[in-house]
Amino acid sequence: MSAFEIGERDFLLDGKPLQLVSGALHYFRVHPDLWADRIRKARLMGLNAVETYVPWNFHAPSRGEFRTTGRYDLGRFLDLVAAEGLHAIVRPGPYICAEWDGGGLPAWLFADDGGRGAAAVRCADPAFLDAIGEYFGALLPIVAKRQVTAGGPVLAVQVENEYGAYGDDPPERREAYLRALVDLLREHLDVPLFTVDQASDHHLSRGGMPGLHKMASFGSRASERLEVLRRHQPTGPLMCMEFWNGWFDSWGQHHHVAAPGTNAQDLDDLLAAGASVNSYMFHGGTNFGLTSGANDKGTYLPITTSYDYDAPLAEHGAPTPKFFAMREVIGRYREVPSESPPAAGPAPALTVPLGELVPLARVVEVLGRTGRHDRLPTHDDVRHWSGLSVYTTRIRPDDRAITFGEVRDRAIAFVDGAPAGTLSRTLGERTLPLPPVDGELTLLVEDQGRVNYGPRIGEAKGLIGPARTASREVTDWSVTPLELEGADGLLTPAVREAFAADRRTSSDIDGSDSGPVAGPVLCRAEFTSEPGADHFLRLDGWTKGLAWVNGWPLGRYWSHGPTRTMYVPGPVMRKRNELVVLELHGASSSEVSFVPEPDLGHDEE
């Protein structure tokens, strides 16, 4: 048993000063069989603590459910931190941002609140607090038994996240919300609680309350930012809880990089000032499946699958020059292990022809249940929280065009099965020209990630009404939400049966084994490779879609870039493997390749 306290000038562990040198490592962005490896490398860089967010919606995809096994096993992750001799910091939200889908807030939360949307969250709304109580009631016992006061690694827990940047509630209402969260946390925890806000007077003055220790987030100008923090935290240790040593990527933008030397100097400035630090990120990992979020500050920008973050430990767990530059700085202030992690060798290289093809239209009925509606429903109306859905309606010769209130976030249109155009939220496209026919309009609608920061948190996905043509409002719709994240990956038994019944090969379609492939289409192949080895899937010539290896959801790919490869964790790989790709548009060839190293795309230089 130990005691961790916030002293007059220092953090105190059993009464002795402790300068925390921590790194962010999100268990939910790393294959669970690789947790121990990443935690060990945190120790080898000289860190004495690991920090993680906890995404509410990851554990609770539906209300009343709370997943705690396999990749959801936070308890096991914290036990591995302890086994490596490190401390832990836990940040459970309920809102986390983190470039994660919805900032961690479950989509069902907004559908269940009577339509009040974002106005009902991140405040002392009784329904919101009731839902948080359920969440904390399931989560916090896992953390509580691993507190430092119970012999575990957890030193401290965060309350909310960058709350000073959110909303315009008056101070008394903001404090009421934070106080309610503290009360819920204190039902389970006795370790110190803290808040984190960006290092500005505006944010720090709005994001905390008396009795909660304030920390800051920033990536440069450490002395200046620490002075700002000290104005708002007159006593106690100073800590940069998010030292931004890199940045995330958005589709269609460049890959962000930060100079290792600059990062190292900024870290040196922090540690020399006696401040504690948590590098965000130490290891970024991957937004597997449909978990990536989006930002919307006037333009909707979804986050890439790779969350490499230009961190000291790369997406696939390899130490980078930044790892060693920061390790050298840390060694000036505390003892660093003499052992260094080895460099990563090249991954297996091979070409895989995805010769088995099934048009998506042939399996829609086994991927989801169709509902009929007398108005245009959103994804949230049909309780579809992420991914793709199929909307259909009848059009008339005099309709000429159809326009929607909004498209969230992308739609591929077909008229009687023939391609008819694409609508994009990012590009501001919401009107589709129509041919003068009496026929069926189908839209394959993609939720590209729920907004994780700002006032658009909690908005519904899908097609947003009204839907109008030149002559009428279109109210008769059928919607089929597609289930893409089952326990078996995409190829559930029902899909496999449909796949076997309607299987075609690329040569059946175009007379060759490597010619162009028309989407939307499911493509499948079996291949042999090195079991247990990391792989990097490259889809040059493919346009946009999702991929799975042996049922593990690799995530989204998009020719829009910047990311050019998809990380396949070694524990997923066997000697004989199954690759499935859902291509939404088309590919120049049915072949894909596995390449020796990752390619995260072009940077600003």
# chains A, B, ... in the order shown; residues from 1 in each chain; ligands from 1
call {"tool": "select_by_dssp", "arguments": {"residues": "region 240-410 of chain A", "states": "strand (DSSP E)", "output": "JSON, numbers by chain"}}
result
{"A": [240, 241, 242, 243, 244, 276, 277, 278, 279, 280, 281, 282, 283, 294, 295, 296, 300, 301, 302, 350, 351, 352, 353, 356, 357, 358, 359, 371, 372, 373, 387, 388, 389, 390, 391, 392, 393, 394, 395, 401, 402, 403, 404, 405, 406, 407, 408, 410]}
call {"tool": "write_last_selection", "arguments": {"atoms": "C-alpha atoms", "output": "CSV table (one decimal), in the first residue's frame"}}
result
chain,number,residue,atom,x,y,z
A,240,CYS,CA,1.9,19.3,-18.7
A,241,MET,CA,-0.6,16.4,-19.0
A,242,GLU,CA,-0.5,16.6,-22.8
A,243,PHE,CA,3.0,17.5,-24.1
A,244,TRP,CA,2.2,17.4,-27.8
A,276,SER,CA,6.1,16.8,-14.5
A,277,VAL,CA,5.1,15.7,-18.0
A,278,ASN,CA,3.0,13.3,-20.0
A,279,SER,CA,4.0,13.0,-23.6
A,280,TYR,CA,1.1,12.8,-25.9
A,281,MET,CA,1.6,10.4,-27.5
A,282,PHE,CA,4.4,8.1,-26.4
A,283,HIS,CA,2.8,5.5,-28.7
A,294,ALA,CA,-13.5,13.7,-37.0
A,295,ASN,CA,-13.1,17.5,-36.5
A,296,ASP,CA,-15.3,20.2,-37.9
A,300,TYR,CA,-15.6,18.3,-41.8
A,301,LEU,CA,-12.3,16.4,-41.7
A,302,PRO,CA,-12.3,12.8,-40.7
A,350,LEU,CA,4.1,-10.4,-51.0
A,351,THR,CA,1.4,-9.8,-53.6
A,352,VAL,CA,-2.1,-11.2,-53.0
A,353,PRO,CA,-4.7,-11.4,-55.8
A,356,GLU,CA,-13.1,-13.8,-55.2
A,357,LEU,CA,-15.6,-11.1,-55.6
A,358,VAL,CA,-19.2,-10.6,-54.5
A,359,PRO,CA,-21.1,-7.3,-55.3
A,371,GLY,CA,-36.9,-1.0,-42.3
A,372,ARG,CA,-39.4,1.1,-44.2
A,373,HIS,CA,-40.1,4.7,-43.2
A,387,GLY,CA,-20.4,2.6,-40.5
A,388,LEU,CA,-22.5,2.2,-43.6
A,389,SER,CA,-26.2,2.0,-44.5
A,390,VAL,CA,-28.2,1.7,-47.7
A,391,TYR,CA,-31.1,4.1,-48.3
A,392,THR,CA,-33.5,3.4,-51.2
A,393,THR,CA,-36.6,5.3,-52.6
A,394,ARG,CA,-38.5,5.7,-55.9
A,395,ILE,CA,-37.8,8.6,-58.2
A,401,ALA,CA,-32.5,16.4,-58.9
A,402,ILE,CA,-32.7,15.5,-55.2
A,403,THR,CA,-31.2,17.6,-52.4
A,404,PHE,CA,-30.8,16.9,-48.7
A,405,GLY,CA,-30.5,19.1,-45.7
A,406,GLU,CA,-27.1,17.5,-45.0
A,407,VAL,CA,-25.1,14.4,-45.9
A,408,ARG,CA,-23.2,13.0,-43.0
A,410,ARG,CA,-20.6,10.7,-47.7
call {"tool": "residues_around", "arguments": {"residues": "Pro397 (chain A)", "least_positions_apart": "5", "cutoff": "9 Å", "atoms": "only C-alpha atoms", "output": "PDB file with C-alpha atoms, in the first residue's frame"}}
result
ATOM      1  CA  LEU A 434     -31.303  12.597 -61.496  1.00  0.00           C
ATOM      2  CA  PRO A 435     -32.082  11.053 -64.893  1.00  0.00           C
ATOM      3  CA  PRO A 436     -35.661  11.409 -66.161  1.00  0.00           C
ATOM      4  CA  VAL A 437     -36.748   7.873 -65.238  1.00  0.00           C
ATOM      5  CA  ASP A 438     -39.260   6.079 -63.118  1.00  0.00           C
ATOM      6  CA  GLY A 439     -36.802   4.018 -61.096  1.00  0.00           C
TER       7      GLY A 439
END
call {"tool": "residues_around", "arguments": {"residues": "region 340-347 of chain A", "least_positions_apart": "2", "cutoff": "8 Å", "atoms": "only C-alpha atoms", "output": "list in words"}}
result
Lys41, Leu44, Met45, Ala318, Pro319, Pro337, Ser338, Ala349, Ala533, Asp534, His535, Phe536, Val595, Pro596 and Glu597 of chain A
call {"tool": "write_last_selection", "arguments": {"atoms": "C-alpha atoms", "output": "PDB file, in the first residue's frame"}}
result
ATOM      1  CA  LYS A  41       9.355   0.113 -24.287  1.00  0.00           C
ATOM      2  CA  LEU A  44      13.097   1.615 -21.709  1.00  0.00           C
ATOM      3  CA  MET A  45      12.619   5.229 -22.833  1.00  0.00           C
ATOM      4  CA  ALA A 318       9.375   0.561 -33.516  1.00  0.00           C
ATOM      5  CA  PRO A 319      11.590   3.102 -31.707  1.00  0.00           C
ATOM      6  CA  PRO A 337      17.642   1.599 -18.339  1.00  0.00           C
ATOM      7  CA  SER A 338      20.781   0.731 -20.256  1.00  0.00           C
ATOM      8  CA  ALA A 349       6.613  -8.660 -48.750  1.00  0.00           C
ATOM      9  CA  ALA A 533       4.940 -10.977 -37.873  1.00  0.00           C
ATOM     10  CA  ASP A 534       3.723  -7.411 -38.354  1.00  0.00           C
ATOM     11  CA  HIS A 535       2.541  -6.737 -41.917  1.00  0.00           C
ATOM     12  CA  PHE A 536       1.778  -3.576 -43.876  1.00  0.00           C
ATOM     13  CA  VAL A 595       5.236  -4.241 -48.137  1.00  0.00           C
ATOM     14  CA  PRO A 596       8.316  -4.209 -45.885  1.00  0.00           C
ATOM     15  CA  GLU A 597       7.633  -0.944 -44.059  1.00  0.00           C
TER      16      GLU A 597
END
call {"tool": "closest_atom_pairs", "arguments": {"of": "region 84-152 of chain A", "to": "region 248-256 of chain A", "cutoff": "12 Å", "atoms": "only C-alpha atoms", "output": "JSON lines"}}
result
{"residue": "A:Ala98", "atom": "CA", "partner": "A:Phe248", "partner_atom": "CA", "distance": 9.5}
{"residue": "A:Glu99", "atom": "CA", "partner": "A:Phe248", "partner_atom": "CA", "distance": 7.8}
{"residue": "A:Trp100", "atom": "CA", "partner": "A:Phe248", "partner_atom": "CA", "distance": 11.0}
call {"tool": "residues_around", "arguments": {"residues": "region 73-78 of chain A", "least_positions_apart": "2", "cutoff": "9 Å", "atoms": "only C-alpha atoms", "output": "PyMOL selection string"}}
result
chain A and resi 27-28+32+35-36+54+67-71+80-83+87-88+139+142-143+146+152-154
call {"tool": "select_by_dssp", "arguments": {"residues": "region 480-585 of chain A", "states": "helix (DSSP H, G or I)", "output": "number ranges by chain"}}
result
A: 493-501, 506-510, 570-572
call {"tool": "closest_residue", "arguments": {"among": "A:Arg468, A:Arg43, A:Arg38, A:Arg173", "to": "Leu313 (chain A)", "atoms": "only C-alpha atoms"}}
result
A:Arg38
